[in-house]
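Undergrad: query-v4.cif is the file, holding mmCIF, C-alpha atoms and all ligand atoms:
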data_coords
loop_
_atom_site.group_PDB
_atom_site.id
_atom_site.type_symbol
_atom_site.label_atom_id
_atom_site.label_comp_id
_atom_site.auth_asym_id
_atom_site.auth_seq_id
_atom_site.Cartn_x
_atom_site.Cartn_y
_atom_site.Cartn_z
ATOM 1 C CA MET O 719 -71.560 -21.822 6.565
ATOM 2 C CA ASN O 720 -74.894 -19.991 6.548
ATOM 3 C CA LYS O 721 -76.049 -19.545 10.133
ATOM 4 C CA LEU O 722 -79.271 -17.827 9.132
ATOM 5 C CA ASN O 723 -81.012 -19.921 6.465
ATOM 6 C CA VAL O 724 -84.371 -21.341 7.569
ATOM 7 C CA ASN O 725 -87.168 -23.471 6.182
ATOM 8 C CA ILE O 726 -90.574 -22.177 7.197
ATOM 9 C CA GLY O 727 -93.248 -24.732 6.440
ATOM 10 C CA GLY O 728 -91.531 -25.749 3.210
ATOM 11 C CA LEU O 729 -90.420 -22.264 2.206
ATOM 12 C CA GLU O 730 -86.622 -22.089 1.988
ATOM 13 C CA LEU O 731 -85.330 -18.669 3.062
ATOM 14 C CA LYS O 732 -81.761 -17.347 3.026
ATOM 15 C CA ASN O 733 -82.464 -15.679 6.376
ATOM 16 C CA PRO O 734 -85.364 -15.461 8.867
ATOM 17 C CA LEU O 735 -85.917 -11.703 8.386
ATOM 18 C CA LEU O 736 -89.052 -10.841 6.423
ATOM 19 C CA LEU O 737 -90.409 -7.442 5.442
ATOM 20 C CA ALA O 738 -93.981 -7.089 6.760
ATOM 21 C CA SER O 739 -97.039 -6.365 4.658
ATOM 22 C CA GLY O 740 -98.189 -2.801 4.101
ATOM 23 C CA VAL O 741 -95.033 -0.818 4.899
ATOM 24 C CA TRP O 742 -93.528 -0.816 1.418
ATOM 25 C CA ASP O 743 -94.783 -0.962 -2.149
ATOM 26 C CA THR O 744 -93.324 -2.721 -5.155
ATOM 27 C CA ASP O 745 -92.105 0.578 -6.626
ATOM 28 C CA SER O 746 -90.517 1.870 -3.386
ATOM 29 C CA SER O 747 -86.760 2.191 -2.933
ATOM 30 C CA VAL O 748 -86.494 -0.474 -0.226
ATOM 31 C CA GLU O 749 -83.641 -2.869 -0.932
ATOM 32 C CA ILE O 750 -85.737 -6.039 -0.758
ATOM 33 C CA GLU O 751 -82.828 -8.380 -1.630
ATOM 34 C CA VAL O 752 -81.661 -8.112 1.997
ATOM 35 C CA TYR O 753 -84.713 -9.995 3.264
ATOM 36 C CA GLY O 754 -85.374 -13.733 3.265
ATOM 37 C CA ALA O 755 -88.775 -12.815 1.839
ATOM 38 C CA VAL O 756 -91.023 -9.800 1.503
ATOM 39 C CA ILE O 757 -94.742 -9.763 2.121
ATOM 40 C CA LEU O 758 -96.720 -7.775 -0.396
ATOM 41 C CA LYS O 759 -99.429 -5.242 0.473
ATOM 42 C CA GLY O 760 -102.789 -6.786 1.419
ATOM 43 C CA VAL O 761 -104.871 -7.690 -1.627
ATOM 44 C CA ASN O 762 -108.465 -8.771 -2.229
ATOM 45 C CA LEU O 763 -110.198 -9.795 -5.429
ATOM 46 C CA ASN O 764 -111.297 -6.487 -6.937
ATOM 47 C CA GLY O 765 -109.488 -3.869 -4.862
ATOM 48 C CA ARG O 766 -110.551 -1.498 -2.128
ATOM 49 C CA LYS O 767 -110.586 2.273 -1.674
ATOM 50 C CA GLY O 768 -109.303 2.367 1.892
ATOM 51 C CA ASN O 769 -110.190 4.695 4.777
ATOM 52 C CA PRO O 770 -110.455 8.515 4.775
ATOM 53 C CA PRO O 771 -107.344 10.547 5.768
ATOM 54 C CA PRO O 772 -105.463 11.026 7.965
ATOM 55 C CA ARG O 773 -104.449 7.367 7.774
ATOM 56 C CA ILE O 774 -101.232 7.222 9.705
ATOM 57 C CA TYR O 775 -100.053 9.057 12.813
ATOM 58 C CA ASP O 776 -96.766 9.031 14.663
ATOM 59 C CA ILE O 777 -97.090 8.107 18.343
ATOM 60 C CA GLN O 778 -94.384 7.804 20.946
ATOM 61 C CA CYS O 779 -92.490 4.580 20.240
ATOM 62 C CA GLY O 780 -94.528 3.547 17.210
ATOM 63 C CA VAL O 781 -97.276 4.476 14.781
ATOM 64 C CA ILE O 782 -101.017 4.028 14.527
ATOM 65 C CA ASN O 783 -102.514 3.456 11.082
ATOM 66 C CA SER O 784 -105.911 3.219 9.536
ATOM 67 C CA ILE O 785 -105.044 2.580 5.888
ATOM 68 C CA GLY O 786 -108.034 0.264 5.453
ATOM 69 C CA LEU O 787 -106.328 -2.182 3.063
ATOM 70 C CA GLU O 788 -106.354 0.093 0.013
ATOM 71 C CA ASN O 789 -105.292 -1.917 -3.038
ATOM 72 C CA GLY O 790 -105.960 -2.316 -6.746
ATOM 73 C CA GLY O 791 -107.056 -5.964 -6.726
ATOM 74 C CA VAL O 792 -105.351 -9.243 -7.537
ATOM 75 C CA ASP O 793 -104.850 -8.696 -11.287
ATOM 76 C CA GLU O 794 -103.008 -5.431 -10.653
ATOM 77 C CA LEU O 795 -100.864 -7.152 -8.009
ATOM 78 C CA ASN O 796 -99.968 -9.909 -10.493
ATOM 79 C CA ARG O 797 -98.647 -7.242 -12.890
ATOM 80 C CA LYS O 798 -96.558 -5.698 -10.076
ATOM 81 C CA ILE O 799 -95.178 -9.120 -9.085
ATOM 82 C CA GLU O 800 -94.030 -9.654 -12.666
ATOM 83 C CA LYS O 801 -91.744 -6.602 -12.292
ATOM 84 C CA ILE O 802 -90.024 -7.636 -9.028
ATOM 85 C CA LYS O 803 -89.878 -11.416 -9.477
ATOM 86 C CA GLY O 804 -86.492 -12.967 -8.735
ATOM 87 C CA ARG O 805 -85.249 -10.214 -6.390
ATOM 88 C CA THR O 806 -86.172 -12.246 -3.299
ATOM 89 C CA LYS O 807 -88.972 -14.600 -2.213
ATOM 90 C CA LEU O 808 -92.423 -13.018 -2.506
ATOM 91 C CA ILE O 809 -95.358 -13.705 -0.212
ATOM 92 C CA ALA O 810 -98.848 -12.381 -0.962
ATOM 93 C CA ASN O 811 -101.005 -11.048 1.895
ATOM 94 C CA ILE O 812 -104.633 -11.814 1.075
ATOM 95 C CA PHE O 813 -108.006 -10.829 2.533
ATOM 96 C CA GLY O 814 -111.667 -11.023 1.598
ATOM 97 C CA SER O 815 -115.132 -10.119 2.753
ATOM 98 C CA THR O 816 -116.367 -13.699 2.281
ATOM 99 C CA VAL O 817 -114.707 -17.051 2.853
ATOM 100 C CA GLU O 818 -114.892 -17.724 -0.913
ATOM 101 C CA GLU O 819 -113.135 -14.462 -1.740
ATOM 102 C CA TYR O 820 -110.012 -15.695 0.077
ATOM 103 C CA LYS O 821 -110.047 -18.799 -2.122
ATOM 104 C CA ASP O 822 -110.654 -16.793 -5.317
ATOM 105 C CA VAL O 823 -107.711 -14.485 -4.585
ATOM 106 C CA ALA O 824 -105.425 -17.434 -3.796
ATOM 107 C CA GLU O 825 -106.403 -19.132 -7.057
ATOM 108 C CA ARG O 826 -105.772 -16.004 -9.159
ATOM 109 C CA LEU O 827 -102.327 -15.124 -7.746
ATOM 110 C CA LYS O 828 -99.323 -15.709 -9.998
ATOM 111 C CA GLY O 829 -95.564 -15.837 -9.379
ATOM 112 C CA ILE O 830 -95.555 -15.962 -5.585
ATOM 113 C CA ASP O 831 -93.640 -18.210 -3.185
ATOM 114 C CA GLY O 832 -96.113 -18.161 -0.304
ATOM 115 C CA ILE O 833 -99.438 -16.845 0.932
ATOM 116 C CA GLU O 834 -100.106 -14.982 4.186
ATOM 117 C CA ILE O 835 -103.814 -15.052 5.033
ATOM 118 C CA ASN O 836 -104.794 -11.776 6.673
ATOM 119 C CA VAL O 837 -107.648 -12.459 9.073
ATOM 120 C CA SER O 838 -106.434 -9.781 11.429
ATOM 121 C CA CYS O 839 -106.698 -6.251 10.001
ATOM 122 C CA PRO O 840 -108.319 -4.004 12.639
ATOM 123 C CA ASN O 841 -109.119 -1.296 10.069
ATOM 124 C CA VAL O 842 -111.853 -2.870 7.944
ATOM 125 C CA LYS O 843 -115.277 -3.810 9.226
ATOM 126 C CA ASP O 844 -116.420 -6.276 6.576
ATOM 127 C CA SER O 845 -113.502 -8.698 6.604
ATOM 128 C CA GLY O 846 -110.237 -9.456 8.310
ATOM 129 C CA ILE O 847 -110.536 -9.295 12.043
ATOM 130 C CA ALA O 848 -114.198 -10.415 12.137
ATOM 131 C CA PHE O 849 -113.082 -13.779 10.711
ATOM 132 C CA GLY O 850 -109.838 -13.759 12.678
ATOM 133 C CA ARG O 851 -111.562 -13.829 16.055
ATOM 134 C CA SER O 852 -113.401 -17.058 15.225
ATOM 135 C CA PRO O 853 -111.516 -20.379 15.284
ATOM 136 C CA GLU O 854 -114.241 -21.862 13.052
ATOM 137 C CA TYR O 855 -113.825 -19.213 10.325
ATOM 138 C CA VAL O 856 -110.038 -19.325 10.544
ATOM 139 C CA GLU O 857 -110.122 -23.087 10.066
ATOM 140 C CA LYS O 858 -112.513 -22.802 7.120
ATOM 141 C CA ILE O 859 -110.533 -20.079 5.350
ATOM 142 C CA ALA O 860 -107.145 -21.704 5.933
ATOM 143 C CA ALA O 861 -108.359 -25.108 4.722
ATOM 144 C CA LEU O 862 -109.891 -23.619 1.579
ATOM 145 C CA VAL O 863 -106.834 -21.519 0.700
ATOM 146 C CA LYS O 864 -104.568 -24.476 1.399
ATOM 147 C CA LYS O 865 -106.638 -26.656 -0.931
ATOM 148 C CA VAL O 866 -106.208 -24.349 -3.942
ATOM 149 C CA SER O 867 -102.580 -23.317 -3.310
ATOM 150 C CA ASN O 868 -99.354 -25.013 -4.289
ATOM 151 C CA VAL O 869 -97.196 -22.748 -2.100
ATOM 152 C CA PRO O 870 -96.850 -22.618 1.721
ATOM 153 C CA VAL O 871 -99.774 -20.927 3.470
ATOM 154 C CA PHE O 872 -99.380 -18.846 6.640
ATOM 155 C CA VAL O 873 -102.183 -17.428 8.814
ATOM 156 C CA LYS O 874 -101.624 -13.949 10.260
ATOM 157 C CA LEU O 875 -103.365 -13.766 13.638
ATOM 158 C CA THR O 876 -104.942 -10.870 15.472
ATOM 159 C CA PRO O 877 -103.465 -10.155 18.906
ATOM 160 C CA ASP O 878 -106.820 -8.605 19.946
ATOM 161 C CA THR O 879 -108.482 -11.759 21.258
ATOM 162 C CA ASP O 880 -108.561 -13.883 24.381
ATOM 163 C CA ARG O 881 -108.805 -17.013 22.188
ATOM 164 C CA LEU O 882 -105.370 -16.741 20.586
ATOM 165 C CA GLU O 883 -104.345 -20.336 21.247
ATOM 166 C CA ASP O 884 -107.673 -21.749 19.970
ATOM 167 C CA ILE O 885 -107.451 -19.667 16.804
ATOM 168 C CA ALA O 886 -103.829 -20.648 16.137
ATOM 169 C CA LEU O 887 -104.645 -24.315 16.762
ATOM 170 C CA ALA O 888 -107.559 -24.019 14.299
ATOM 171 C CA ALA O 889 -105.106 -22.734 11.667
ATOM 172 C CA GLU O 890 -102.738 -25.620 12.420
ATOM 173 C CA LYS O 891 -105.602 -28.140 12.190
ATOM 174 C CA ALA O 892 -106.600 -26.724 8.794
ATOM 175 C CA GLY O 893 -103.109 -27.475 7.474
ATOM 176 C CA ALA O 894 -101.549 -24.007 7.684
ATOM 177 C CA ASP O 895 -97.774 -24.223 7.264
ATOM 178 C CA ALA O 896 -97.090 -21.499 9.867
ATOM 179 C CA VAL O 897 -98.796 -18.747 11.817
ATOM 180 C CA VAL O 898 -97.769 -15.119 11.910
ATOM 181 C CA CYS O 899 -98.050 -13.597 15.392
ATOM 182 C CA ALA O 900 -99.344 -10.991 15.086
ATOM 183 C CA ASN O 901 -101.002 -8.038 13.377
ATOM 184 C CA THR O 902 -101.439 -4.576 14.955
ATOM 185 C CA TYR O 903 -103.413 -3.822 18.156
ATOM 186 C CA THR O 904 -106.583 -1.722 17.933
ATOM 187 C CA GLY O 905 -106.105 1.750 19.352
ATOM 188 C CA ILE O 906 -107.355 5.323 19.145
ATOM 189 C CA VAL O 907 -105.666 8.738 19.333
ATOM 190 C CA ILE O 908 -107.609 11.867 20.253
ATOM 191 C CA ASP O 909 -106.859 15.467 19.338
ATOM 192 C CA ILE O 910 -107.283 17.312 22.658
ATOM 193 C CA ASN O 911 -107.910 20.634 20.895
ATOM 194 C CA THR O 912 -110.866 19.428 18.832
ATOM 195 C CA GLY O 913 -111.898 16.562 21.103
ATOM 196 C CA LYS O 914 -112.129 14.342 18.022
ATOM 197 C CA PRO O 915 -110.260 11.192 16.960
ATOM 198 C CA ILE O 916 -107.203 12.029 14.864
ATOM 199 C CA LEU O 917 -107.515 9.211 12.337
ATOM 200 C CA GLY O 918 -110.088 9.395 9.544
ATOM 201 C CA GLY O 919 -110.991 5.785 10.267
ATOM 202 C CA ILE O 920 -111.468 6.753 13.981
ATOM 203 C CA THR O 921 -109.657 3.696 15.363
ATOM 204 C CA GLY O 922 -106.399 2.299 13.995
ATOM 205 C CA GLY O 923 -103.791 -0.414 14.371
ATOM 206 C CA VAL O 924 -100.890 0.261 16.741
ATOM 207 C CA SER O 925 -97.444 -0.985 15.740
ATOM 208 C CA GLY O 926 -93.797 -0.298 16.541
ATOM 209 C CA PRO O 927 -91.579 -0.781 19.622
ATOM 210 C CA CYS O 928 -94.420 -0.082 22.104
ATOM 211 C CA ILE O 929 -96.147 -3.377 21.172
ATOM 212 C CA LYS O 930 -93.066 -5.595 21.353
ATOM 213 C CA PRO O 931 -93.432 -7.063 24.877
ATOM 214 C CA LEU O 932 -97.126 -7.749 24.197
ATOM 215 C CA THR O 933 -96.353 -9.718 21.061
ATOM 216 C CA VAL O 934 -93.309 -11.495 22.541
ATOM 217 C CA TYR O 935 -95.743 -12.725 25.224
ATOM 218 C CA ARG O 936 -98.123 -14.054 22.559
ATOM 219 C CA VAL O 937 -95.341 -15.819 20.656
ATOM 220 C CA TRP O 938 -94.111 -17.378 23.906
ATOM 221 C CA LYS O 939 -97.664 -18.552 24.688
ATOM 222 C CA LEU O 940 -98.201 -20.020 21.208
ATOM 223 C CA ARG O 941 -94.872 -21.874 21.215
ATOM 224 C CA ARG O 942 -96.199 -23.972 24.086
ATOM 225 C CA VAL O 943 -99.181 -25.276 22.105
ATOM 226 C CA LEU O 944 -98.256 -25.221 18.394
ATOM 227 C CA LYS O 945 -96.214 -27.682 16.358
ATOM 228 C CA ILE O 946 -96.014 -25.535 13.216
ATOM 229 C CA PRO O 947 -93.530 -22.656 12.866
ATOM 230 C CA ILE O 948 -94.290 -19.184 14.228
ATOM 231 C CA ILE O 949 -93.320 -16.031 12.355
ATOM 232 C CA ALA O 950 -93.185 -13.133 14.817
ATOM 233 C CA SER O 951 -94.292 -9.605 13.897
ATOM 234 C CA GLY O 952 -94.482 -6.771 16.380
ATOM 235 C CA GLY O 953 -92.196 -3.878 17.212
ATOM 236 C CA ILE O 954 -88.862 -5.183 15.998
ATOM 237 C CA ALA O 955 -86.315 -2.384 15.671
ATOM 238 C CA SER O 956 -82.970 -4.134 16.179
ATOM 239 C CA TRP O 957 -81.153 -7.473 15.945
ATOM 240 C CA GLN O 958 -81.527 -7.829 19.723
ATOM 241 C CA ASP O 959 -85.308 -7.807 19.272
ATOM 242 C CA VAL O 960 -85.012 -10.630 16.728
ATOM 243 C CA ILE O 961 -82.988 -12.746 19.167
ATOM 244 C CA GLU O 962 -85.595 -12.115 21.860
ATOM 245 C CA TYR O 963 -88.396 -13.349 19.585
ATOM 246 C CA ILE O 964 -86.431 -16.452 18.563
ATOM 247 C CA MET O 965 -85.750 -17.258 22.218
ATOM 248 C CA ALA O 966 -89.498 -16.895 22.874
ATOM 249 C CA GLY O 967 -90.101 -19.532 20.181
ATOM 250 C CA ALA O 968 -90.282 -17.808 16.782
ATOM 251 C CA ASP O 969 -88.762 -19.464 13.692
ATOM 252 C CA ALA O 970 -88.651 -16.252 11.676
ATOM 253 C CA VAL O 971 -89.644 -12.604 12.118
ATOM 254 C CA GLU O 972 -91.126 -9.714 10.170
ATOM 255 C CA ILE O 973 -90.164 -6.064 10.488
ATOM 256 C CA GLY O 974 -92.671 -3.342 9.650
ATOM 257 C CA SER O 975 -92.913 0.205 11.027
ATOM 258 C CA ILE O 976 -89.162 0.544 11.737
ATOM 259 C CA ILE O 977 -88.718 0.914 7.973
ATOM 260 C CA PHE O 978 -90.402 4.366 8.201
ATOM 261 C CA ARG O 979 -87.590 5.526 10.481
ATOM 262 C CA ASN O 980 -84.673 3.568 9.081
ATOM 263 C CA LEU O 981 -84.618 2.258 5.500
ATOM 264 C CA ASP O 982 -81.437 0.291 6.286
ATOM 265 C CA ALA O 983 -82.914 -1.546 9.276
ATOM 266 C CA GLY O 984 -82.859 -4.884 7.412
ATOM 267 C CA THR O 985 -79.150 -4.695 6.549
ATOM 268 C CA GLU O 986 -78.237 -3.609 10.076
ATOM 269 C CA ILE O 987 -80.256 -6.424 11.666
ATOM 270 C CA ILE O 988 -78.710 -9.135 9.460
ATOM 271 C CA SER O 989 -75.217 -7.895 10.195
ATOM 272 C CA GLY O 990 -75.955 -7.733 13.964
ATOM 273 C CA LEU O 991 -77.342 -11.275 13.966
ATOM 274 C CA ASN O 992 -74.301 -12.696 12.164
ATOM 275 C CA LYS O 993 -71.948 -10.936 14.597
ATOM 276 C CA TYR O 994 -73.885 -12.175 17.655
ATOM 277 C CA LEU O 995 -73.902 -15.801 16.454
ATOM 278 C CA GLU O 996 -70.191 -15.629 15.624
ATOM 279 C CA GLU O 997 -69.235 -14.107 18.990
ATOM 280 C CA LYS O 998 -71.364 -16.547 20.982
ATOM 281 C CA ASN O 999 -70.113 -19.457 18.884
ATOM 282 C CA ILE O 1000 -73.666 -20.475 17.985
ATOM 283 C CA HIS O 1001 -73.832 -22.836 15.008
ATOM 284 C CA HIS O 1002 -77.234 -21.738 13.666
ATOM 285 C CA ILE O 1003 -79.793 -19.108 14.685
ATOM 286 C CA LEU O 1004 -82.496 -21.697 15.367
ATOM 287 C CA ASP O 1005 -80.222 -23.436 17.892
ATOM 288 C CA ILE O 1006 -81.475 -20.806 20.356
ATOM 289 C CA ARG O 1007 -85.110 -21.087 19.291
ATOM 290 C CA GLY O 1008 -87.487 -21.341 22.255
ATOM 291 C CA GLY O 1009 -84.542 -21.250 24.649
ATOM 292 C CA VAL O 1010 -86.590 -19.442 27.259
ATOM 293 C CA HIS O 1011 -88.863 -22.497 27.545
ATOM 294 C CA ASP O 1012 -86.013 -24.839 28.501
ATOM 295 C CA GLY O 1013 -86.174 -25.564 32.189
HETATM 296 C C1 LIG O 1101 -98.976 1.440 7.427
HETATM 297 C C2 LIG O 1101 -99.194 -0.012 7.732
HETATM 298 C C3 LIG O 1101 -99.887 -0.798 6.823
HETATM 299 C C4 LIG O 1101 -100.106 -2.161 7.098
HETATM 300 N N1 LIG O 1101 -100.772 -2.937 6.179
HETATM 301 C C5 LIG O 1101 -100.936 -4.263 6.427
HETATM 302 C C6 LIG O 1101 -101.569 -5.105 5.443
HETATM 303 O O1 LIG O 1101 -101.942 -4.673 4.332
HETATM 304 N N2 LIG O 1101 -101.740 -6.433 5.763
HETATM 305 C C7 LIG O 1101 -101.310 -6.957 6.971
HETATM 306 O O2 LIG O 1101 -101.495 -8.160 7.220
HETATM 307 N N3 LIG O 1101 -100.660 -6.184 7.880
HETATM 308 C C8 LIG O 1101 -100.473 -4.860 7.635
HETATM 309 N N4 LIG O 1101 -99.815 -4.087 8.560
HETATM 310 C C9 LIG O 1101 -99.275 -4.720 9.791
HETATM 311 C C10 LIG O 1101 -97.773 -5.045 9.624
HETATM 312 O O3 LIG O 1101 -97.578 -5.954 8.568
HETATM 313 C C11 LIG O 1101 -97.169 -5.631 10.921
HETATM 314 O O4 LIG O 1101 -97.730 -6.895 11.177
HETATM 315 C C12 LIG O 1101 -97.407 -4.707 12.129
HETATM 316 O O5 LIG O 1101 -97.183 -3.365 11.768
HETATM 317 C C13 LIG O 1101 -96.543 -5.080 13.337
HETATM 318 O O6 LIG O 1101 -95.188 -5.003 13.032
HETATM 319 P P1 LIG O 1101 -94.251 -3.694 13.367
HETATM 320 O O7 LIG O 1101 -94.493 -3.341 14.796
HETATM 321 O O8 LIG O 1101 -92.863 -4.157 13.052
HETATM 322 O O9 LIG O 1101 -94.722 -2.601 12.433
HETATM 323 C C14 LIG O 1101 -99.604 -2.726 8.309
HETATM 324 C C15 LIG O 1101 -98.885 -1.923 9.209
HETATM 325 C C16 LIG O 1101 -98.672 -0.579 8.934
HETATM 326 C C17 LIG O 1101 -97.889 0.255 9.927
#
What does this structure look like when you write it as structure tokens?
Ligand SMILES: Cc1cc2nc3c(=O)[nH]c(=O)nc-3n(C[C@H](O)[C@H](O)[C@H](O)COP(=O)(O)O)c2cc1C

TA:
Amino acid sequence: MNKLNVNIGGLELKNPLLLASGVWDTDSSVEIEVYGAVILKGVNLNGRKGNPPPRIYDIQCGVINSIGLENGGVDELNRKIEKIKGRTKLIANIFGSTVEEYKDVAERLKGIDGIEINVSCPNVKDSGIAFGRSPEYVEKIAALVKKVSNVPVFVKLTPDTDRLEDIALAAEKAGADAVVCANTYTGIVIDINTGKPILGGITGGVSGPCIKPLTVYRVWKLRRVLKIPIIASGGIASWQDVIEYIMAGADAVEIGSIIFRNLDAGTEIISGLNKYLEEKNIHHILDIRGGVHDG
């Protein structure tokens, strides 16, 4: 009996562990078969150069990055998808600098099982987070992408807002099949010898274990208002972290930065989850979903 299989907004997954966008590439040595699904690197219509170096910096208990969504455009991504199709479920992560660009990218994608709408990247000025802080834009983009897509559509939220619930509810209203909570948190690191910011993009997105309690809080808050599934993303480094997110109300989770430190994190987490469920005599992982809300 499979204790880990889940259905997220119509997407059947062998387990609830997803590999987050941006931390691996289609030609990397990550064993993607371990994951219920993998989310591809962010893509827009015609590609993007990205931010000046340095783009990523190790901080205590995490990393800060300012990649700036470098990519070669949707046609190049389609060619890459062709090469990895069938290894596990594939989800595209899409962004645009206009509402229409999101639709155009969604229409052009081939061979994917789901779409994650990125309205939450803190490292680009002309797209992403600017839309992601507005419930009206989020609703418009999600409805448009949903209209042209025949696969489940997820909206990846920014944690950097005091309107999180409104924005998530706007995604739900637009017909999104799930929300992803959440992207990285805007931060800055300063070189005390030069007195200048370390990252070429000046500010960056903070990820890794240091953000986990902040994102668990957001998932817990969203579970109280949303009907659609929540995919948690933020600081997961172990199977215990996955259980914590599920108890807060997540239906599935993504792991990101931990992959830089431990390429086998996915395998270790799956094995830990199976052992935990067996030992606790829990029938299925989602039997404990939202447990912290009970009573
Ligand atoms: C180097 C790097 C690149 C990223 N690129 C993207 C991206 O292209 N699209 C996106 O939606 N999120 C991107 N993210 C955010 C991750 O997908 C994830 O949501 C975030 O890092 C939080 O999870 P973690 O703490 O497990 O890393 C990136 C993160 C990192 C560290």

Undergrad: Identify, counting only C-alpha atoms and all ligand atoms, the protein, DNA and RNA residues located within 7 Å of ligand LIG 1101 (chain O), and give them as JSON, numbers by chain.

TA: {"O": [738, 739, 740, 741, 759, 760, 774, 781, 782, 783, 785, 787, 811, 836, 838, 839, 874, 900, 901, 902, 925, 926, 927, 929, 951, 952, 953, 954, 972, 973, 974, 975, 976]}

Undergrad: So, with all atoms listed in the file as the atoms that count, which of O:Gln958, O:Ser784, O:Asn764, O:Gln778 lies closest to Tyr994 in chain O?

TA: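 Counting all atoms listed in the file, the residue closest to Tyr994 in chain O is O:Gln958.
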
Undergrad: Using all atoms listed in the file, which of O:Leu763, O:Val1010, O:Ala755, O:Val873 sits nearest Ala886 in chain O?

TA: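 Comparing O:Leu763, O:Val1010, O:Ala755, O:Val873 against Ala886 in chain O, the winner is O:Val873.
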
Undergrad: If I take CA of Pro734 in chain O and CA of Gly754 in chain O, how far is one from the other in Å, to one decimal?

TA: 5.9 Å

Undergrad: At a cut-off of 9 Å, using all atoms listed in the file, what residues contact Glu825 in chain O? Leave out same-chain residues fewer than 3 positions from it and give the result as a ChimeraX atom specification.

TA: /O:820-822,828,863,866-867

Undergrad: Here is a test: counting all atoms listed in the file, which residue of O:Ile1003, O:Ile802, O:Val924, O:Val856 is nearest to Ser746 in chain O?

TA: O:Ile802

Undergrad: Which residues come within 10 Å of range 1004-1006 of chain O, counting only C-alpha atoms, excluding same-chain residues fewer than 2 positions away, as a PDB file with C-alpha atoms, keeping the file's coordinate frame?

TA:
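As a result, result.pdb now contains:
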ATOM      1  CA  LYS O 721     -76.049 -19.545  10.133  1.00  0.00           C
ATOM      2  CA  LEU O 722     -79.271 -17.827   9.132  1.00  0.00           C
ATOM      3  CA  ASN O 723     -81.012 -19.921   6.465  1.00  0.00           C
ATOM      4  CA  VAL O 724     -84.371 -21.341   7.569  1.00  0.00           C
ATOM      5  CA  PRO O 734     -85.364 -15.461   8.867  1.00  0.00           C
ATOM      6  CA  ILE O 961     -82.988 -12.746  19.167  1.00  0.00           C
ATOM      7  CA  GLU O 962     -85.595 -12.115  21.860  1.00  0.00           C
ATOM      8  CA  ILE O 964     -86.431 -16.452  18.563  1.00  0.00           C
ATOM      9  CA  MET O 965     -85.750 -17.258  22.218  1.00  0.00           C
ATOM     10  CA  ALA O 966     -89.498 -16.895  22.874  1.00  0.00           C
ATOM     11  CA  GLY O 967     -90.101 -19.532  20.181  1.00  0.00           C
ATOM     12  CA  ALA O 968     -90.282 -17.808  16.782  1.00  0.00           C
ATOM     13  CA  ASP O 969     -88.762 -19.464  13.692  1.00  0.00           C
ATOM     14  CA  ALA O 970     -88.651 -16.252  11.676  1.00  0.00           C
ATOM     15  CA  LEU O 995     -73.902 -15.801  16.454  1.00  0.00           C
ATOM     16  CA  ILE O1000     -73.666 -20.475  17.985  1.00  0.00           C
ATOM     17  CA  HIS O1001     -73.832 -22.836  15.008  1.00  0.00           C
ATOM     18  CA  HIS O1002     -77.234 -21.738  13.666  1.00  0.00           C
ATOM     19  CA  GLY O1008     -87.487 -21.341  22.255  1.00  0.00           C
ATOM     20  CA  GLY O1009     -84.542 -21.250  24.649  1.00  0.00           C
ATOM     21  CA  VAL O1010     -86.590 -19.442  27.259  1.00  0.00           C
TER      22      VAL O1010
END

Undergrad: Please compute the CA of Lys798 in chain O-CA of Gly919 in chain O distance, one decimal, in Å.

TA: 27.5 Å

Undergrad: I'd like to know which of O:Lys858, O:Lys807, O:Lys930, O:Lys914 is closest to Ile757 in chain O, using only C-alpha atoms.

TA: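 Checking each of O:Lys858, O:Lys807, O:Lys930, O:Lys914 against Ile757 in chain O, counting only C-alpha atoms, the winner is O:Lys807.
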
Undergrad: Please report the interatomic distance between CA of Lys865 in chain O and CA of Ile726 in chain O in Å with one decimal.

TA: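 These atoms are spaced 18.6 Å apart.
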
Undergrad: Counting only C-alpha atoms, which of O:Gly728, O:Leu827, O:Tyr753, O:Cys928 gets nearest to Ala983 in chain O?

TA: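 Ranked by minimum distance to Ala983 in chain O, first place goes to O:Tyr753.
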
Undergrad: Neighbouring residues of range 938-947 of chain O were defined as those with any atom within 7 Å, considering all atoms listed in the file; residues of the same chain fewer than 2 positions away were excluded. Please report them as a compact mmCIF listing (two decimals) with C-alpha atoms, in the coordinates of the input.

TA:
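Below is the file that was written, out_34.txt:
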# COMPACT_ATOMS: atom_id res chain seq x y z
CA ILE O 726 -90.57 -22.18 7.20
CA GLY O 727 -93.25 -24.73 6.44
CA GLU O 883 -104.34 -20.34 21.25
CA LEU O 887 -104.64 -24.32 16.76
CA GLU O 890 -102.74 -25.62 12.42
CA ASP O 895 -97.77 -24.22 7.26
CA ALA O 896 -97.09 -21.50 9.87
CA VAL O 897 -98.80 -18.75 11.82
CA VAL O 934 -93.31 -11.50 22.54
CA TYR O 935 -95.74 -12.72 25.22
CA ARG O 936 -98.12 -14.05 22.56
CA ILE O 949 -93.32 -16.03 12.36
CA ALA O 966 -89.50 -16.90 22.87
CA GLY O 967 -90.10 -19.53 20.18
CA ASP O 969 -88.76 -19.46 13.69

Undergrad: Let me make sure I understand: among O:Asp793, O:Asp909, O:Glu857, O:Glu751, which one has the smallest atom-to-atom distance to Tyr775 in chain O if we use only C-alpha atoms?

TA: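 Of the candidates, the smallest distance to Tyr775 in chain O is held by O:Asp909.
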
Undergrad: With 8 Å on each side, where is the centre of the axis-aligned box around all listed atoms of range 746-749 of chain O, and how long are its edges in Å to one decimal, as JSON?

TA:
{"center_x": -87.1, "center_y": -0.3, "center_z": -1.8, "size_x": 22.9, "size_y": 21.1, "size_z": 19.2}

Undergrad: Identify, on the basis of only C-alpha atoms, every residue whose closest approach to Val756 in chain O does not exceed 6 Å; exclude the query and any residue fewer than 3 positions from it along the same chain; express the result as a list in words.

TA: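 Counting only the stated atoms, we get Leu736, Leu737 and Leu808 of chain O.
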